[in-house]
>>> print(open('data-v2.cif').read())   # mmCIF, C-alpha atoms, pLDDT in the B column; chains and numbers go by the auth columns
data_data
loop_
_atom_site.group_PDB
_atom_site.id
_atom_site.type_symbol
_atom_site.label_atom_id
_atom_site.label_comp_id
_atom_site.label_asym_id
_atom_site.label_seq_id
_atom_site.Cartn_x
_atom_site.Cartn_y
_atom_site.Cartn_z
_atom_site.B_iso_or_equiv
_atom_site.auth_seq_id
_atom_site.auth_asym_id
ATOM 1 C CA MET A 1 46.619 102.959 151.579 49.00 1 O
ATOM 2 C CA THR A 2 49.150 105.609 150.699 56.00 2 O
ATOM 3 C CA LEU A 3 51.692 105.596 147.901 59.00 3 O
ATOM 4 C CA GLN A 4 53.893 108.259 149.461 59.00 4 O
ATOM 5 C CA MET A 5 56.431 105.644 150.489 61.00 5 O
ATOM 6 C CA TRP A 6 57.725 105.666 146.891 72.00 6 O
ATOM 7 C CA THR A 7 58.569 109.366 146.896 80.00 7 O
ATOM 8 C CA ALA A 8 62.021 109.111 148.493 83.00 8 O
ATOM 9 C CA THR A 9 63.092 106.227 146.252 87.00 9 O
ATOM 10 C CA LEU A 10 61.836 107.955 143.122 89.00 10 O
ATOM 11 C CA ALA A 11 63.533 111.210 144.120 92.00 11 O
ATOM 12 C CA LYS A 12 66.821 109.371 144.680 94.00 12 O
ATOM 13 C CA ALA A 13 66.610 107.766 141.236 95.00 13 O
ATOM 14 C CA ARG A 14 65.631 111.084 139.623 96.00 14 O
ATOM 15 C CA ASP A 15 68.630 112.799 141.240 97.00 15 O
ATOM 16 C CA ALA A 16 70.960 110.041 140.046 97.00 16 O
ATOM 17 C CA TRP A 17 69.763 110.432 136.446 97.00 17 O
ATOM 18 C CA GLU A 18 70.111 114.222 136.658 97.00 18 O
ATOM 19 C CA GLU A 19 73.669 113.805 137.912 97.00 19 O
ATOM 20 C CA GLN A 20 74.420 111.457 135.019 96.00 20 O
ATOM 21 C CA ALA A 21 73.084 114.012 132.541 96.00 21 O
ATOM 22 C CA GLU A 22 75.174 116.779 134.087 95.00 22 O
ATOM 23 C CA ALA A 23 78.267 114.561 134.174 95.00 23 O
ATOM 24 C CA LEU A 24 77.969 113.999 130.415 95.00 24 O
ATOM 25 C CA ASP A 25 77.801 117.704 129.664 90.00 25 O
ATOM 26 C CA GLY A 26 81.543 118.233 130.263 91.00 26 O
ATOM 27 C CA PRO A 27 82.739 115.506 127.882 90.00 27 O
ATOM 28 C CA ARG A 28 80.279 116.688 125.241 89.00 28 O
ATOM 29 C CA LYS A 29 81.682 120.228 125.439 89.00 29 O
ATOM 30 C CA ASN A 30 85.247 118.919 125.285 90.00 30 O
ATOM 31 C CA LEU A 31 84.482 116.935 122.147 90.00 31 O
ATOM 32 C CA ALA A 32 82.806 119.949 120.546 88.00 32 O
ATOM 33 C CA GLN A 33 85.809 122.176 121.302 91.00 33 O
ATOM 34 C CA ALA A 34 88.447 119.765 120.019 91.00 34 O
ATOM 35 C CA ASP A 35 90.112 120.995 116.827 91.00 35 O
ATOM 36 C CA PRO A 36 90.924 118.123 114.446 89.00 36 O
ATOM 37 C CA ALA A 37 92.811 120.559 112.187 90.00 37 O
ATOM 38 C CA LEU A 38 95.659 120.513 114.714 89.00 38 O
ATOM 39 C CA LEU A 39 96.339 116.891 113.783 88.00 39 O
ATOM 40 C CA GLY A 40 97.206 117.694 110.189 90.00 40 O
ATOM 41 C CA ASP A 41 95.616 117.067 106.827 91.00 41 O
ATOM 42 C CA ALA A 42 96.351 113.331 106.819 92.00 42 O
ATOM 43 C CA VAL A 43 94.050 112.568 109.743 92.00 43 O
ATOM 44 C CA GLN A 44 91.825 115.639 109.976 92.00 44 O
ATOM 45 C CA GLY A 45 88.878 114.030 108.168 93.00 45 O
ATOM 46 C CA ALA A 46 88.963 110.880 110.261 95.00 46 O
ATOM 47 C CA ALA A 47 89.442 112.856 113.487 93.00 47 O
ATOM 48 C CA ASP A 48 86.546 115.151 112.593 93.00 48 O
ATOM 49 C CA ALA A 49 84.276 112.155 111.927 94.00 49 O
ATOM 50 C CA PHE A 50 85.396 110.534 115.189 94.00 50 O
ATOM 51 C CA LEU A 51 84.730 113.669 117.231 94.00 51 O
ATOM 52 C CA THR A 52 81.369 114.323 115.584 93.00 52 O
ATOM 53 C CA THR A 53 80.231 110.738 116.136 95.00 53 O
ATOM 54 C CA TRP A 54 81.200 110.743 119.805 94.00 54 O
ATOM 55 C CA GLU A 55 79.782 114.205 120.436 94.00 55 O
ATOM 56 C CA GLN A 56 76.429 113.058 119.030 95.00 56 O
ATOM 57 C CA ARG A 57 76.565 109.845 121.064 96.00 57 O
ATOM 58 C CA VAL A 58 77.338 111.666 124.317 95.00 58 O
ATOM 59 C CA LEU A 59 74.584 114.207 123.593 95.00 59 O
ATOM 60 C CA ALA A 60 72.100 111.368 122.992 96.00 60 O
ATOM 61 C CA LEU A 61 73.106 109.719 126.276 96.00 61 O
ATOM 62 C CA ARG A 62 72.778 113.055 128.095 96.00 62 O
ATOM 63 C CA GLU A 63 69.303 113.604 126.648 96.00 63 O
ATOM 64 C CA ARG A 64 68.283 110.059 127.571 97.00 64 O
ATOM 65 C CA ALA A 65 69.460 110.501 131.178 97.00 65 O
ATOM 66 C CA SER A 66 67.670 113.831 131.400 97.00 66 O
ATOM 67 C CA GLY A 67 64.537 112.222 129.961 97.00 67 O
ATOM 68 C CA HIS A 68 64.659 109.495 132.606 97.00 68 O
ATOM 69 C CA ALA A 69 64.938 112.148 135.322 97.00 69 O
ATOM 70 C CA ASP A 70 61.952 114.016 133.869 97.00 70 O
ATOM 71 C CA ALA A 71 59.909 110.808 133.638 96.00 71 O
ATOM 72 C CA LEU A 72 60.622 109.985 137.283 94.00 72 O
ATOM 73 C CA ALA A 73 59.635 113.511 138.328 93.00 73 O
ATOM 74 C CA GLN A 74 56.371 113.117 136.389 92.00 74 O
ATOM 75 C CA THR A 75 55.780 109.729 138.010 88.00 75 O
ATOM 76 C CA MET A 76 56.287 111.265 141.453 87.00 76 O
ATOM 77 C CA TYR A 77 53.724 113.937 140.615 88.00 77 O
ATOM 78 C CA ASP A 78 51.262 111.395 139.197 86.00 78 O
ATOM 79 C CA LEU A 79 51.577 109.211 142.303 83.00 79 O
ATOM 80 C CA LEU A 80 51.030 112.219 144.546 82.00 80 O
ATOM 81 C CA VAL A 81 47.878 113.249 142.677 83.00 81 O
ATOM 82 C CA THR A 82 46.612 109.659 142.572 82.00 82 O
ATOM 83 C CA ASP A 83 47.369 109.200 146.253 78.00 83 O
ATOM 84 C CA GLN A 84 45.511 112.383 147.176 80.00 84 O
ATOM 85 C CA ALA A 85 42.517 111.353 145.084 82.00 85 O
ATOM 86 C CA SER A 86 42.555 107.887 146.636 80.00 86 O
ATOM 87 C CA VAL A 87 42.674 109.319 150.156 79.00 87 O
ATOM 88 C CA ARG A 88 39.778 111.688 149.389 83.00 88 O
ATOM 89 C CA ALA A 89 37.706 108.899 147.848 84.00 89 O
ATOM 90 C CA THR A 90 38.345 106.648 150.822 81.00 90 O
ATOM 91 C CA GLN A 91 37.541 109.407 153.320 82.00 91 O
ATOM 92 C CA ASP A 92 34.262 110.005 151.491 85.00 92 O
ATOM 93 C CA LEU A 93 33.294 106.405 152.239 85.00 93 O
ATOM 94 C CA LEU A 94 34.013 106.677 155.964 83.00 94 O
ATOM 95 C CA LEU A 95 31.473 107.516 158.601 86.00 95 O
ATOM 96 C CA TRP A 96 30.878 111.242 158.907 85.00 96 O
ATOM 97 C CA GLU A 97 32.840 111.582 162.155 86.00 97 O
ATOM 98 C CA ASP A 98 35.841 109.751 160.648 83.00 98 O
ATOM 99 C CA ARG A 99 36.095 111.625 157.331 80.00 99 O
ATOM 100 C CA ASP A 100 38.932 113.823 158.496 81.00 100 O
ATOM 101 C CA THR A 101 41.041 110.840 159.562 79.00 101 O
ATOM 102 C CA PRO A 102 44.374 111.063 157.756 75.00 102 O
ATOM 103 C CA PRO A 103 45.995 107.917 156.377 72.00 103 O
ATOM 104 C CA VAL A 104 49.032 106.512 158.108 67.00 104 O
ATOM 105 C CA THR A 105 52.108 107.737 156.312 61.00 105 O
ATOM 106 C CA ALA A 106 54.248 104.853 155.163 54.00 106 O
ATOM 107 C CA VAL A 107 57.973 105.145 155.694 51.00 107 O
ATOM 108 C CA GLY A 108 60.591 103.373 153.674 47.00 108 O
ATOM 109 C CA PRO A 109 61.892 102.860 150.176 46.00 109 O
#
>>> encode(input="data-v2.cif", output="structure tokens")
Amino acid sequence: MTLQMWTATLAKARDAWEEQAEALDGPRKNLAQADPALLGDAVQGAADAFLTTWEQRVLALRERASGHADALAQTMYDLLVTDQASVRATQDLLLWEDRDTPPVTAVGP
């Protein structure tokens, strides 16, 4: 049995999470660059608190998305290593003349 069939699906999910992380970088920078002082003394404190809260929230979401992408990349690597070890272990159990037989590569999501 081979687990390689999961690679394409995991890569697609990893790419989607990376794109989400990158998409959140722009809004985070915009929030950080906003100047609440331009709104005047009456609302500057509230605007500063608003901007700080949302900047932190967007940063947390960006880090979470990036973490998901990293976890999927690690899972892909772990599956690859496990799959290779499984193939080697199975080949070791085969008859001598069949030990170089490669597994059938599964295709699909």
>>> residues_around(input="data-v2.cif", residues="segment 47-58 of chain O", least_positions_apart="5", cutoff="12 Å", atoms="all atoms listed in the file", output="VMD selection string")
chain O and resid 20 to 42 63 to 65
>>> axis_aligned_box(input="data-v2.cif", around="segment 17-29 of chain O", padding_each_side="5 Å", output="JSON")
{"center_x": 76.3, "center_y": 115.3, "center_z": 131.6, "size_x": 23.0, "size_y": 19.8, "size_z": 22.7}
>>> atom_distance(input="data-v2.cif", atom1="atom CA of Ala13 of chain O", atom2="atom CA of Ala73 of chain O")
9.5 Å
>>> resolve_selection(input="data-v2.cif", expression="the PyMOL selection byres ((chain O and resi 77-94) around 10)", output="PyMOL selection string")
chain O and resi 1-4+6-7+71-76+95-103
